[in-house]
file final.txt (compact mmCIF, C-alpha atoms)
# COMPACT_ATOMS: atom_id res chain seq x y z
CA MET A 1 165.28 101.68 33.06
CA ASP A 2 166.88 103.86 35.76
CA TRP A 3 165.57 101.57 38.48
CA LEU A 4 168.00 98.89 37.28
CA TYR A 5 170.90 101.11 38.33
CA MET A 6 171.84 101.85 41.91
CA HIS A 7 174.06 104.66 43.14
CA MET A 8 177.02 103.51 45.24
CA PRO A 9 177.51 106.11 48.01
CA ILE A 10 181.27 105.59 48.52
CA SER A 11 182.64 105.01 45.01
CA GLY A 12 180.03 107.37 43.51
CA VAL A 13 179.19 105.17 40.49
CA ASP A 14 175.82 103.90 39.26
CA LEU A 15 175.87 100.12 39.02
CA PHE A 16 173.62 97.65 37.23
CA TRP A 17 172.46 95.90 40.42
CA PRO A 18 170.85 92.77 38.84
CA GLY A 19 174.31 92.07 37.38
CA LEU A 20 175.78 92.08 40.88
CA VAL A 21 173.09 89.67 42.14
CA ILE A 22 173.66 87.27 39.19
CA LEU A 23 177.44 87.46 39.58
CA GLY A 24 177.11 86.76 43.32
CA LEU A 25 174.76 83.84 42.66
CA GLY A 26 177.09 82.24 40.10
CA VAL A 27 180.23 82.60 42.17
CA GLY A 28 178.30 81.53 45.27
CA ILE A 29 177.28 78.25 43.61
CA LEU A 30 180.80 77.54 42.32
CA GLY A 31 182.45 78.62 45.60
CA GLY A 32 180.12 76.49 47.73
CA PHE A 33 180.65 73.53 45.42
CA TYR A 34 184.44 73.76 44.99
CA GLY A 35 185.26 75.09 48.44
CA MET A 36 186.88 78.38 47.62
CA GLY A 37 186.30 82.12 47.73
CA GLY A 38 186.56 82.63 44.00
CA ALA A 39 187.99 86.15 43.86
CA TRP A 40 189.69 85.10 40.59
CA MET A 41 186.23 84.56 39.08
CA ILE A 42 184.65 87.76 40.46
CA THR A 43 187.20 90.33 39.30
CA PRO A 44 186.54 89.92 35.52
CA GLY A 45 182.80 90.07 36.22
CA LEU A 46 183.11 93.25 38.27
CA ASN A 47 185.26 94.72 35.51
CA ILE A 48 182.49 94.18 32.98
CA LEU A 49 179.90 95.75 35.28
CA GLY A 50 182.08 98.85 35.45
CA PHE A 51 183.01 98.51 39.09
CA PRO A 52 185.89 100.83 40.05
CA MET A 53 189.02 98.72 40.57
CA ALA A 54 190.02 100.71 43.67
CA PHE A 55 187.05 99.09 45.43
CA ALA A 56 187.01 95.73 43.65
CA ILE A 57 189.35 93.76 45.95
CA GLY A 58 187.83 95.00 49.24
CA THR A 59 184.27 94.44 48.00
CA ASP A 60 185.27 91.01 46.67
CA ILE A 61 186.77 89.92 49.97
CA ALA A 62 183.91 91.24 52.11
CA HIS A 63 181.33 89.38 50.02
CA ILE A 64 183.51 86.23 50.13
CA ALA A 65 183.57 86.46 53.95
CA GLY A 66 179.78 86.73 54.09
CA LYS A 67 179.05 83.86 51.73
CA SER A 68 181.76 81.49 53.03
CA ILE A 69 180.16 81.65 56.50
CA VAL A 70 176.95 80.40 54.89
CA SER A 71 178.61 77.56 53.00
CA THR A 72 180.85 76.58 55.95
CA ILE A 73 177.77 76.23 58.19
CA ARG A 74 176.03 74.17 55.50
CA HIS A 75 179.06 71.91 54.91
CA ALA A 76 179.51 71.50 58.68
CA LYS A 77 175.94 70.11 58.90
CA PHE A 78 176.94 67.48 56.31
CA GLY A 79 180.04 66.65 58.38
CA ASN A 80 182.35 68.09 55.73
CA VAL A 81 184.36 70.46 57.95
CA ASP A 82 187.34 69.25 59.99
CA TYR A 83 187.90 72.23 62.30
CA PRO A 84 191.16 71.05 63.98
CA LEU A 85 192.62 70.34 60.53
CA GLY A 86 191.46 73.75 59.32
CA VAL A 87 193.09 75.51 62.32
CA ALA A 88 196.34 73.56 61.82
CA MET A 89 196.44 74.63 58.19
CA ILE A 90 195.61 78.26 58.98
CA LEU A 91 198.74 78.51 61.14
CA GLY A 92 200.90 77.34 58.25
CA THR A 93 198.98 79.39 55.68
CA MET A 94 199.44 82.67 57.55
CA ALA A 95 203.17 82.16 57.98
CA GLY A 96 203.45 81.12 54.32
CA PHE A 97 201.41 84.08 53.12
CA GLU A 98 203.81 86.44 54.87
CA VAL A 99 206.83 84.73 53.24
CA GLY A 100 205.09 84.92 49.82
CA ALA A 101 204.37 88.65 50.27
CA GLN A 102 208.02 89.27 51.18
CA ILE A 103 209.18 87.39 48.03
CA VAL A 104 206.89 89.60 45.92
CA MET A 105 208.47 92.72 47.45
CA PHE A 106 211.92 91.36 46.62
CA LEU A 107 210.86 90.50 43.06
CA GLU A 108 209.38 94.00 42.60
CA LYS A 109 212.89 95.42 43.03
CA ILE A 110 214.09 93.25 40.14
CA GLY A 111 211.18 94.34 37.91
CA LYS A 112 208.84 92.46 35.51
CA VAL A 113 207.28 90.85 38.59
CA ASP A 114 203.79 90.84 37.05
CA LEU A 115 204.86 88.85 33.99
CA TYR A 116 206.84 86.30 36.01
CA LEU A 117 204.02 85.79 38.49
CA ARG A 118 201.49 85.23 35.72
CA ILE A 119 203.77 82.57 34.22
CA ILE A 120 204.18 80.89 37.64
CA TYR A 121 200.40 81.01 38.06
CA LEU A 122 199.94 79.41 34.65
CA ILE A 123 202.44 76.61 35.37
CA LEU A 124 200.75 75.94 38.70
CA LEU A 125 197.28 75.73 37.13
CA ALA A 126 198.62 73.44 34.40
CA PHE A 127 200.15 71.21 37.12
CA ILE A 128 196.87 71.05 39.08
CA PHE A 129 194.92 70.25 35.90
CA THR A 130 197.40 67.49 34.91
CA THR A 131 197.20 66.01 38.42
CA VAL A 132 193.39 65.88 38.25
CA VAL A 133 193.48 64.20 34.82
CA PHE A 134 196.15 61.74 36.01
CA ASP A 135 194.10 61.02 39.13
CA TYR A 136 190.97 60.35 37.05
CA LEU A 137 192.73 58.04 34.59
CA LYS A 138 194.48 56.10 37.36
CA LEU A 139 191.24 55.61 39.30
CA LYS A 140 189.47 54.40 36.16
CA LYS A 141 192.32 51.90 35.60
CA LYS A 142 192.00 50.69 39.21
CA GLU A 143 188.23 50.29 38.77
CA LYS A 144 188.76 48.29 35.57
CA LEU A 145 191.31 46.00 37.24
CA ALA A 146 189.01 45.45 40.22
CA LYS A 147 186.11 44.64 37.87
CA GLU A 148 188.22 42.08 36.01
CA LYS A 149 189.05 40.40 39.29
CA GLY A 150 185.37 40.47 40.26
CA GLU A 151 186.10 42.74 43.22
CA GLN A 152 184.64 46.06 44.21
CA LEU A 153 186.96 49.04 44.58
CA ASP A 154 187.18 50.55 48.07
CA LYS A 155 184.90 53.58 48.51
CA LEU A 156 187.83 55.70 49.68
CA ALA A 157 190.11 54.67 46.82
CA SER A 158 191.67 57.39 44.69
CA GLY A 159 193.98 57.59 41.70
CA VAL A 160 196.74 59.80 43.05
CA THR A 161 197.95 58.56 46.44
CA TRP A 162 200.87 60.87 47.26
CA TYR A 163 199.34 61.39 50.71
CA LYS A 164 199.99 57.73 51.59
CA THR A 165 203.74 58.34 51.40
CA LEU A 166 203.41 61.55 53.43
CA HIS A 167 201.30 59.76 56.06
CA LYS A 168 204.27 57.47 56.76
CA ILE A 169 206.21 60.41 58.20
CA LYS A 170 205.22 60.29 61.86
CA ILE A 171 207.06 63.24 63.40
CA PRO A 172 205.36 64.01 66.73
CA PRO A 173 202.82 65.26 67.58
CA VAL A 174 200.71 62.77 65.61
CA MET A 175 197.03 63.66 65.50
CA THR A 176 193.83 61.97 64.35
CA PHE A 177 191.50 64.21 62.39
CA LYS A 178 188.10 62.58 62.80
CA GLN A 179 186.14 64.15 59.96
CA ALA A 180 188.99 63.74 57.49
CA GLN A 181 189.54 60.15 58.75
CA ILE A 182 193.32 60.52 58.81
CA THR A 183 196.03 60.10 61.44
CA VAL A 184 199.04 62.22 60.53
CA SER A 185 201.85 64.26 61.98
CA LEU A 186 200.54 67.74 62.84
CA TRP A 187 203.45 69.04 60.78
CA LEU A 188 201.93 67.71 57.54
CA PRO A 189 198.85 70.00 57.39
CA MET A 190 200.93 72.87 58.81
CA LEU A 191 203.62 72.47 56.14
CA VAL A 192 201.08 71.99 53.34
CA GLY A 193 199.30 75.10 54.65
CA PHE A 194 202.64 76.94 54.68
CA ALA A 195 203.45 75.90 51.09
CA THR A 196 200.01 76.88 49.78
CA GLY A 197 200.24 80.12 51.80
CA VAL A 198 203.59 80.99 50.14
CA VAL A 199 202.07 80.43 46.70
CA ALA A 200 198.91 82.39 47.60
CA GLY A 201 200.99 85.29 48.96
CA LEU A 202 203.22 85.18 45.91
CA LEU A 203 200.32 85.25 43.47
CA GLY A 204 198.10 87.59 45.49
CA ILE A 205 195.19 85.15 45.56
CA GLY A 206 193.09 83.72 48.39
CA GLY A 207 194.51 80.25 47.94
CA GLY A 208 191.38 78.07 47.79
CA LEU A 209 192.31 77.08 44.26
CA ILE A 210 195.55 75.50 45.53
CA ARG A 211 194.47 74.41 49.02
CA MET A 212 191.54 72.27 47.87
CA PRO A 213 193.66 69.91 45.69
CA ALA A 214 196.50 70.05 48.27
CA LEU A 215 194.08 68.85 50.98
CA ILE A 216 193.07 65.92 48.76
CA TYR A 217 196.36 64.85 47.20
CA LEU A 218 198.87 65.77 49.92
CA VAL A 219 196.94 65.66 53.21
CA GLY A 220 194.65 62.80 52.19
CA CYS A 221 191.26 64.37 52.90
CA PRO A 222 188.15 62.90 51.27
CA THR A 223 186.99 65.36 48.58
CA HIS A 224 183.86 66.51 50.42
CA VAL A 225 185.84 67.20 53.63
CA ALA A 226 188.50 69.05 51.61
CA VAL A 227 185.79 71.32 50.18
CA GLY A 228 184.25 72.07 53.61
CA THR A 229 187.57 72.52 55.45
CA ASP A 230 188.92 74.80 52.74
CA LEU A 231 185.80 76.96 53.04
CA PHE A 232 186.42 77.24 56.79
CA GLU A 233 189.87 78.66 55.98
CA VAL A 234 188.39 80.99 53.35
CA MET A 235 185.92 82.23 55.98
CA ILE A 236 188.68 83.11 58.49
CA SER A 237 190.91 84.82 55.91
CA GLY A 238 187.87 86.56 54.36
CA LEU A 239 186.81 88.04 57.71
CA TYR A 240 190.35 89.27 58.36
CA GLY A 241 190.54 90.67 54.80
CA THR A 242 187.22 92.50 55.26
CA PHE A 243 188.57 94.44 58.23
CA THR A 244 191.95 95.29 56.69
CA TYR A 245 190.61 96.35 53.28
CA THR A 246 187.74 98.33 54.82
CA TRP A 247 190.22 100.07 57.11
CA LYS A 248 192.06 101.12 53.93
CA GLY A 249 188.73 102.45 52.60
CA ARG A 250 188.35 99.89 49.82
CA THR A 251 184.93 98.36 50.55
CA GLU A 252 181.58 99.36 49.07
CA LEU A 253 179.12 97.86 51.56
CA LEU A 254 176.04 98.43 49.40
CA ALA A 255 177.60 96.41 46.56
CA VAL A 256 178.66 93.73 49.07
CA PHE A 257 175.08 93.50 50.32
CA ILE A 258 173.61 93.25 46.80
CA MET A 259 176.13 90.56 45.83
CA LEU A 260 175.44 88.70 49.08
CA ILE A 261 171.75 88.36 48.18
CA GLY A 262 172.81 86.18 45.26
CA ALA A 263 175.96 84.74 46.83
CA ALA A 264 174.42 83.52 50.10
CA VAL A 265 171.66 81.72 48.17
CA GLY A 266 174.21 80.38 45.66
CA ALA A 267 176.60 79.25 48.42
CA GLN A 268 173.80 77.28 50.08
CA PHE A 269 172.87 75.68 46.80
CA GLY A 270 176.48 74.94 45.83
CA ALA A 271 177.16 73.29 49.20
CA VAL A 272 173.97 71.21 49.00
CA ALA A 273 174.86 70.25 45.40
CA THR A 274 177.97 68.36 46.65
CA LYS A 275 175.50 65.84 48.11
CA TYR A 276 174.68 64.65 44.61
CA PHE A 277 178.19 64.38 43.21
CA LYS A 278 180.78 61.68 43.75
CA GLY A 279 184.16 62.90 44.98
CA MET A 280 185.82 62.04 41.67
CA ILE A 281 183.28 64.06 39.68
CA ILE A 282 183.81 67.08 41.96
CA ARG A 283 187.55 66.76 41.25
CA VAL A 284 186.97 66.46 37.49
CA LEU A 285 184.73 69.57 37.47
CA PHE A 286 187.36 71.33 39.56
CA GLY A 287 189.95 70.37 36.95
CA ALA A 288 187.71 71.86 34.26
CA ALA A 289 187.47 75.15 36.22
CA VAL A 290 191.26 75.21 36.59
CA CYS A 291 191.64 74.57 32.83
CA ILE A 292 189.29 77.49 32.06
CA ALA A 293 191.23 79.77 34.43
CA ALA A 294 194.55 78.71 32.87
CA THR A 295 193.27 79.33 29.32
CA SER A 296 191.99 82.77 30.30
CA ILE A 297 195.30 83.73 31.97
CA ALA A 298 197.28 82.46 28.96
CA GLN A 299 195.13 84.59 26.64
CA LYS A 300 195.61 87.62 28.90
CA LEU A 301 199.36 87.01 29.00
CA ILE A 302 199.65 86.79 25.19
CA ALA A 303 197.42 89.88 24.83
CA ARG A 304 199.73 91.90 27.10
CA VAL A 305 203.01 90.68 25.64
CA TYR A 306 201.94 91.23 22.01
CA ASP A 307 199.55 94.13 22.75
CA ILE A 308 196.47 92.44 21.22
CA LYS A 309 193.44 94.20 22.70
CA TRP A 310 190.74 91.87 21.36
CA LEU A 311 192.44 88.85 22.96
CA ASP A 312 192.09 90.54 26.33
CA ASP A 313 188.30 90.66 25.78
CA VAL A 314 188.38 87.02 24.65
CA SER A 315 190.04 86.05 27.96
CA THR A 316 187.15 87.67 29.88
CA VAL A 317 184.62 85.81 27.72
CA THR A 318 186.54 82.56 28.26
CA ILE A 319 186.49 82.76 32.03
CA LEU A 320 182.91 84.00 32.40
CA GLY A 321 181.51 81.78 29.64
CA GLY A 322 183.36 78.67 30.77
CA LEU A 323 182.41 79.10 34.41
CA SER A 324 178.76 79.73 33.42
CA ILE A 325 178.71 76.37 31.59
CA LEU A 326 180.16 74.63 34.66
CA MET A 327 177.59 76.34 36.86
CA PHE A 328 174.73 75.11 34.67
CA ILE A 329 176.12 71.53 34.80
CA ILE A 330 176.24 71.68 38.62
CA VAL A 331 172.76 73.21 38.91
CA ALA A 332 171.21 70.72 36.45
CA LYS A 333 172.76 67.67 38.17
CA ALA A 334 171.83 69.00 41.64
CA ILE A 335 168.21 69.63 40.64
CA ALA A 336 167.99 66.13 39.14
CA GLY A 337 169.44 64.71 42.39
CA MET A 338 166.99 66.69 44.50
CA ARG A 339 164.03 65.54 42.43
CA LYS A 340 165.17 61.92 42.74
CA GLU A 341 165.57 62.25 46.51
CA ILE A 342 162.10 63.80 46.90
CA GLN A 343 160.54 61.06 44.72
CA MET A 344 162.28 58.34 46.78
CA LYS A 345 161.00 59.94 49.97
CA LYS A 346 157.45 60.04 48.63
CA MET A 347 157.69 56.40 47.54
CA ALA A 348 158.96 55.37 50.97
CA GLN A 349 156.08 57.20 52.64
CA SER A 350 153.37 55.64 50.44
CA MET B 1 193.60 69.18 75.49
CA LYS B 2 194.86 69.05 71.91
CA ARG B 3 192.03 71.35 70.80
CA ILE B 4 192.90 73.86 73.55
CA LEU B 5 196.56 73.72 72.50
CA ILE B 6 195.64 74.30 68.85
CA SER B 7 193.31 77.18 69.75
CA LEU B 8 196.05 78.79 71.86
CA LEU B 9 198.64 78.37 69.10
CA SER B 10 196.29 79.86 66.52
CA ALA B 11 195.51 82.85 68.76
CA ILE B 12 199.24 83.49 69.32
CA SER B 13 199.93 83.22 65.58
CA LEU B 14 197.09 85.56 64.73
CA ILE B 15 198.46 88.16 67.13
CA TYR B 16 201.99 87.63 65.83
CA PHE B 17 201.40 87.47 62.08
CA LEU B 18 198.43 89.72 61.32
CA PRO B 19 200.09 93.06 62.16
CA SER B 20 203.17 92.15 60.09
CA ILE B 21 201.00 91.28 57.07
CA ALA B 22 199.12 94.55 57.50
CA MET B 23 202.42 96.46 57.83
CA ALA B 24 203.75 94.82 54.66
CA LYS B 25 200.71 96.06 52.75
CA GLU B 26 200.99 99.59 54.19
CA LYS B 27 204.46 100.11 52.70
CA THR B 28 202.92 100.92 49.29
CA PRO B 29 201.88 104.57 48.87
CA PRO B 30 198.26 104.93 50.07
CA LEU B 31 195.55 106.02 47.64
CA VAL B 32 193.25 108.48 49.41
CA VAL B 33 189.62 108.08 48.36
CA VAL B 34 186.97 110.56 49.46
CA ALA B 35 183.27 109.81 49.09
CA HIS B 36 181.36 112.58 47.30
CA THR B 37 178.28 113.46 49.29
CA LYS B 38 176.72 115.80 46.70
CA GLY B 39 173.26 114.57 45.71
CA LEU B 40 173.12 112.01 48.53
CA SER B 41 170.44 111.97 51.20
CA GLY B 42 169.23 109.91 54.15
CA LEU B 43 171.11 106.69 54.93
CA SER B 44 173.44 107.02 51.91
CA LEU B 45 174.52 110.51 53.05
CA TRP B 46 175.11 109.30 56.62
CA TRP B 47 177.11 106.31 55.34
CA ALA B 48 179.28 108.45 53.01
CA ASN B 49 179.89 110.98 55.82
CA LEU B 50 180.87 108.15 58.15
CA TYR B 51 183.39 106.96 55.51
CA ASN B 52 184.91 110.44 55.29
CA ASP B 53 184.88 111.28 59.02
CA ASN B 54 185.19 108.09 61.07
CA MET B 55 186.96 105.26 59.29
CA LEU B 56 187.22 103.18 62.49
CA LEU B 57 183.47 103.07 63.03
CA PHE B 58 182.95 102.54 59.28
CA THR B 59 185.33 99.53 59.41
CA ILE B 60 183.72 98.04 62.51
CA LEU B 61 180.21 98.42 61.07
CA THR B 62 181.20 96.93 57.68
CA GLY B 63 183.07 94.07 59.38
CA CYS B 64 180.03 93.27 61.53
CA ILE B 65 177.23 93.87 59.00
CA THR B 66 178.82 91.67 56.30
CA PRO B 67 178.84 88.35 58.23
CA ILE B 68 175.48 89.10 59.87
CA ALA B 69 173.92 89.81 56.45
CA GLY B 70 175.50 86.62 55.07
CA ILE B 71 174.13 84.52 57.92
CA LEU B 72 170.64 86.08 57.69
CA ILE B 73 170.34 85.62 53.92
CA GLY B 74 171.86 82.14 54.23
CA PHE B 75 169.31 81.29 56.92
CA ILE B 76 166.46 82.34 54.62
CA ALA B 77 167.98 80.32 51.74
CA ASP B 78 168.33 77.34 54.12
CA TYR B 79 164.65 77.63 55.05
CA LEU B 80 163.60 77.84 51.39
CA LEU B 81 165.71 74.79 50.52
CA SER B 82 164.21 72.83 53.42
CA LEU B 83 160.73 73.51 51.95
CA THR B 84 161.70 71.40 48.93
CA GLY B 85 161.74 68.34 51.19
CA ILE B 86 165.39 67.32 50.69
CA ASP B 87 167.49 66.10 53.60
CA LEU B 88 169.77 68.93 54.69
CA THR B 89 171.36 67.11 57.62
CA LYS B 90 173.44 64.38 55.97
CA ARG B 91 174.91 63.15 52.70
CA GLU B 92 175.08 59.58 51.50
CA LEU B 93 178.08 59.79 49.17
CA ALA B 94 181.33 59.61 51.15
CA GLU B 95 183.94 58.30 48.76
CA HIS B 96 187.28 59.83 47.98
call {"tool": "encode", "arguments": {"input": "final.txt", "output": "structure tokens"}}
result
Amino acid sequence: MDWLYMHMPISGVDLFWPGLVILGLGVGILGGFYGMGGAWMITPGLNILGFPMAFAIGTDIAHIAGKSIVSTIRHAKFGNVDYPLGVAMILGTMAGFEVGAQIVMFLEKIGKVDLYLRIIYLILLAFIFTTVVFDYLKLKKKEKLAKEKGEQLDKLASGVTWYKTLHKIKIPPVMTFKQAQITVSLWLPMLVGFATGVVAGLLGIGGGLIRMPALIYLVGCPTHVAVGTDLFEVMISGLYGTFTYTWKGRTELLAVFIMLIGAAVGAQFGAVATKYFKGMIIRVLFGAAVCIAATSIAQKLIARVYDIKWLDDVSTVTILGGLSILMFIIVAKAIAGMRKEIQMKKMAQS
Amino acid sequence: MKRILISLLSAISLIYFLPSIAMAKEKTPPLVVVAHTKGLSGLSLWWANLYNDNMLLFTILTGCITPIAGILIGFIADYLLSLTGIDLTKRELAEH
């Protein structure tokens, strides 16, 4: 079975290459569907495959850059990417990321930074999950009320409407973002980008996990556009990250290439899958992914504090198992949608 | 005009912020990794030697190969998906 292992020329380890392809495929599907890089999903997987941690981040980021180009192009064809909005947010994100990194350096001097950051991360994930649940319940209530009145709820209606309050602030320059169908002060996406950048810099994550819900609930983007625009940001930051981490000698190109075989295919599929899901369902599935991540981090946190080794393994199983279930739900629903579309086409032709 | 202004602003920010982010990262003590070339041959040997001898070229090549590989594989996946007969140019669902 030696052929199943491939020698990595830089890190010098022999890796189970089908594992890399499968990992890339899974994260590609979820990333293309949710609109994020998904480094937080890849790291536990790479750990299991025995990938040296010195190369994990660089290899992660390089593969994210490659696959997010694929999904951004695909989402752009569906009209899901608002480039001006993406650029406006990038400006804020970069400034925010720098501030976040500086805060981490300050906290490192105090000590216990790792523990505090994990707790902050956990609170943030719990907040995002609660928001998604609140949004779902409120939308269902609105639908019920509309049904009772014999009316049909507006297609663009949502449960949480914090963005409506923020849209009232018209500090110049006010811009119309065509794809996102919003007219807002340019400061809004820049400030939201800044805030998400601070959090991303603070937690050492890419930020897609925070930016996607922020684009929906604070900026007022339709879900599909939030997914596509977020991926555009992931693409830019991923390309920058590829150069910086490679310059520091932390990228294993052969592993990147193997992962990309799965990831590029998965990213295409994940992006196409959004066609067959309503915005609310994408948000609910996103909430489920956040819940899985939060549970896994909580388990890891308890394992470290109380030195319980088996719980650490359980946290890895939680994140990989939970995300695999979500992936199968997305794939099954997308395939059913595709089959229905093809059947409809055939019926229309005959 | 607005797009030009945004592009200009983003370019200025990139120039301004990127080096400072890179500098912030460099403050931690660097871990020196050397690729072991023993037992390697052909392309693998050349790649490992490039990593050890010319990091700049190694970085440029990795930074260029990664997106190109992504686009190429994505293009093939796009073609395969189009063979299924589904519409890859638009989506019907547009609600919030």
call {"tool": "residues_near_point", "arguments": {"input": "final.txt", "point": "(165.3, 76.3, 47.0)", "cutoff": "12 Å", "atoms": "all atoms listed in the file", "output": "number ranges by chain"}}
result
A: 265-270, 272-273, 331, 334-335, 338-339; B: 74-86, 88
call {"tool": "residues_around", "arguments": {"input": "final.txt", "residues": "segment 195-202 of chain A", "least_positions_apart": "2", "cutoff": "9 Å", "atoms": "only C-alpha atoms", "output": "compact mmCIF listing (two decimals) with C-alpha atoms, in the coordinates of the input"}}
result
# COMPACT_ATOMS: atom_id res chain seq x y z
CA ILE A 90 195.61 78.26 58.98
CA GLY A 92 200.90 77.34 58.25
CA THR A 93 198.98 79.39 55.68
CA MET A 94 199.44 82.67 57.55
CA ALA A 95 203.17 82.16 57.98
CA GLY A 96 203.45 81.12 54.32
CA PHE A 97 201.41 84.08 53.12
CA GLU A 98 203.81 86.44 54.87
CA VAL A 99 206.83 84.73 53.24
CA GLY A 100 205.09 84.92 49.82
CA ALA A 101 204.37 88.65 50.27
CA GLN A 102 208.02 89.27 51.18
CA ILE A 103 209.18 87.39 48.03
CA VAL A 104 206.89 89.60 45.92
CA LEU A 117 204.02 85.79 38.49
CA TYR A 121 200.40 81.01 38.06
CA MET A 190 200.93 72.87 58.81
CA LEU A 191 203.62 72.47 56.14
CA VAL A 192 201.08 71.99 53.34
CA GLY A 193 199.30 75.10 54.65
CA GLY A 204 198.10 87.59 45.49
CA ILE A 205 195.19 85.15 45.56
CA GLY A 206 193.09 83.72 48.39
CA GLY A 207 194.51 80.25 47.94
CA GLY A 208 191.38 78.07 47.79
CA ILE A 210 195.55 75.50 45.53
CA ARG A 211 194.47 74.41 49.02
CA ALA A 214 196.50 70.05 48.27
call {"tool": "closest_residue", "arguments": {"input": "final.txt", "among": "A:Tyr240, A:Phe127, A:Tyr34, A:Tyr116", "to": "chain B", "atoms": "all atoms listed in the file"}}
result
A:Tyr240
call {"tool": "closest_residue", "arguments": {"input": "final.txt", "among": "A:Arg74, A:Lys178, A:Lys155, A:Lys138", "to": "chain B", "atoms": "only C-alpha atoms"}}
result
A:Lys155
call {"tool": "residues_near_point", "arguments": {"input": "final.txt", "point": "(181.7, 75.6, 37.3)", "cutoff": "6 Å", "atoms": "all atoms listed in the file", "output": "VMD selection string"}}
result
chain A and resid 30 289 323 326 to 327
call {"tool": "atom_distance", "arguments": {"input": "final.txt", "atom1": "atom CA of Ile42 of chain A", "atom2": "atom CA of Ala56 of chain A"}}
result
8.9 Å
call {"tool": "closest_atom_pairs", "arguments": {"input": "final.txt", "of": "chain A", "to": "chain B", "cutoff": "8 Å", "atoms": "only C-alpha atoms", "output": "Markdown table"}}
result
| residue | atom | partner | partner_atom | distance |
| --- | --- | --- | --- | --- |
| A:Pro9 | CA | B:Ser44 | CA | 5.7 |
| A:Ile10 | CA | B:Ala35 | CA | 4.7 |
| A:Ser11 | CA | B:Ala35 | CA | 6.3 |
| A:Gly12 | CA | B:His36 | CA | 6.6 |
| A:Ala62 | CA | B:Thr66 | CA | 6.6 |
| A:His63 | CA | B:Thr66 | CA | 7.1 |
| A:Ala65 | CA | B:Pro67 | CA | 6.7 |
| A:Gly66 | CA | B:Gly70 | CA | 4.4 |
| A:Lys67 | CA | B:Gly70 | CA | 5.6 |
| A:Ile69 | CA | B:Ile71 | CA | 6.8 |
| A:Val70 | CA | B:Gly74 | CA | 5.4 |
| A:Lys77 | CA | B:Thr89 | CA | 5.6 |
| A:Phe78 | CA | B:Lys90 | CA | 4.7 |
| A:Gly79 | CA | B:Lys90 | CA | 7.4 |
| A:Pro84 | CA | B:Arg3 | CA | 6.9 |
| A:Val87 | CA | B:Ser10 | CA | 6.8 |
| A:Ala88 | CA | B:Ile6 | CA | 7.1 |
| A:Ile90 | CA | B:Ser10 | CA | 7.7 |
| A:Leu91 | CA | B:Ser10 | CA | 6.1 |
| A:Met94 | CA | B:Phe17 | CA | 6.9 |
| A:Ala95 | CA | B:Phe17 | CA | 6.9 |
| A:Glu98 | CA | B:Ile21 | CA | 6.0 |
| A:Ala101 | CA | B:Ala24 | CA | 7.6 |
| A:Gln102 | CA | B:Ala24 | CA | 7.8 |
| A:Lys155 | CA | B:Glu95 | CA | 4.8 |
| A:Leu156 | CA | B:His96 | CA | 4.5 |
| A:Ala157 | CA | B:His96 | CA | 6.0 |
| A:Ser158 | CA | B:His96 | CA | 6.0 |
| A:Cys221 | CA | B:His96 | CA | 7.8 |
| A:Pro222 | CA | B:His96 | CA | 4.6 |
| A:Thr223 | CA | B:His96 | CA | 5.6 |
| A:His224 | CA | B:Ala94 | CA | 7.4 |
| A:Leu239 | CA | B:Gly63 | CA | 7.3 |
| A:Thr242 | CA | B:Gly63 | CA | 6.1 |
| A:Phe243 | CA | B:Gly63 | CA | 5.6 |
| A:Thr244 | CA | B:Ala22 | CA | 7.3 |
| A:Thr246 | CA | B:Thr59 | CA | 5.3 |
| A:Trp247 | CA | B:Thr59 | CA | 5.4 |
| A:Gly249 | CA | B:Val33 | CA | 7.1 |
| A:Leu253 | CA | B:Thr62 | CA | 6.5 |
| A:Val256 | CA | B:Thr66 | CA | 7.5 |
| A:Phe257 | CA | B:Ala69 | CA | 7.2 |
| A:Leu260 | CA | B:Gly70 | CA | 6.3 |
| A:Ile261 | CA | B:Ile73 | CA | 6.5 |
| A:Ala264 | CA | B:Gly74 | CA | 5.1 |
| A:Val265 | CA | B:Ala77 | CA | 5.3 |
| A:Gln268 | CA | B:Gly74 | CA | 6.7 |
| A:Val272 | CA | B:Leu88 | CA | 7.4 |
| A:Lys275 | CA | B:Arg91 | CA | 5.4 |
| A:Tyr276 | CA | B:Leu93 | CA | 7.5 |
| A:Phe277 | CA | B:Leu93 | CA | 7.5 |
| A:Lys278 | CA | B:Leu93 | CA | 6.3 |
| A:Gly279 | CA | B:His96 | CA | 5.3 |
| A:Met280 | CA | B:His96 | CA | 6.8 |
| A:Met338 | CA | B:Ile86 | CA | 6.4 |
| A:Glu341 | CA | B:Ile86 | CA | 6.6 |
| A:Ile342 | CA | B:Ile86 | CA | 6.1 |
call {"tool": "atom_distance", "arguments": {"input": "final.txt", "atom1": "atom CA of Tyr245 of chain A", "atom2": "atom CA of Ile61 of chain A"}}
result
8.2 Å
call {"tool": "atom_distance", "arguments": {"input": "final.txt", "atom1": "atom CA of Gly35 of chain A", "atom2": "atom CA of Gly58 of chain A"}}
result
20.1 Å
call {"tool": "closest_residue", "arguments": {"input": "final.txt", "among": "A:Leu20, A:Val314, A:Ile171, A:Leu15", "to": "Leu301 of chain A", "atoms": "all atoms listed in the file"}}
result
A:Val314
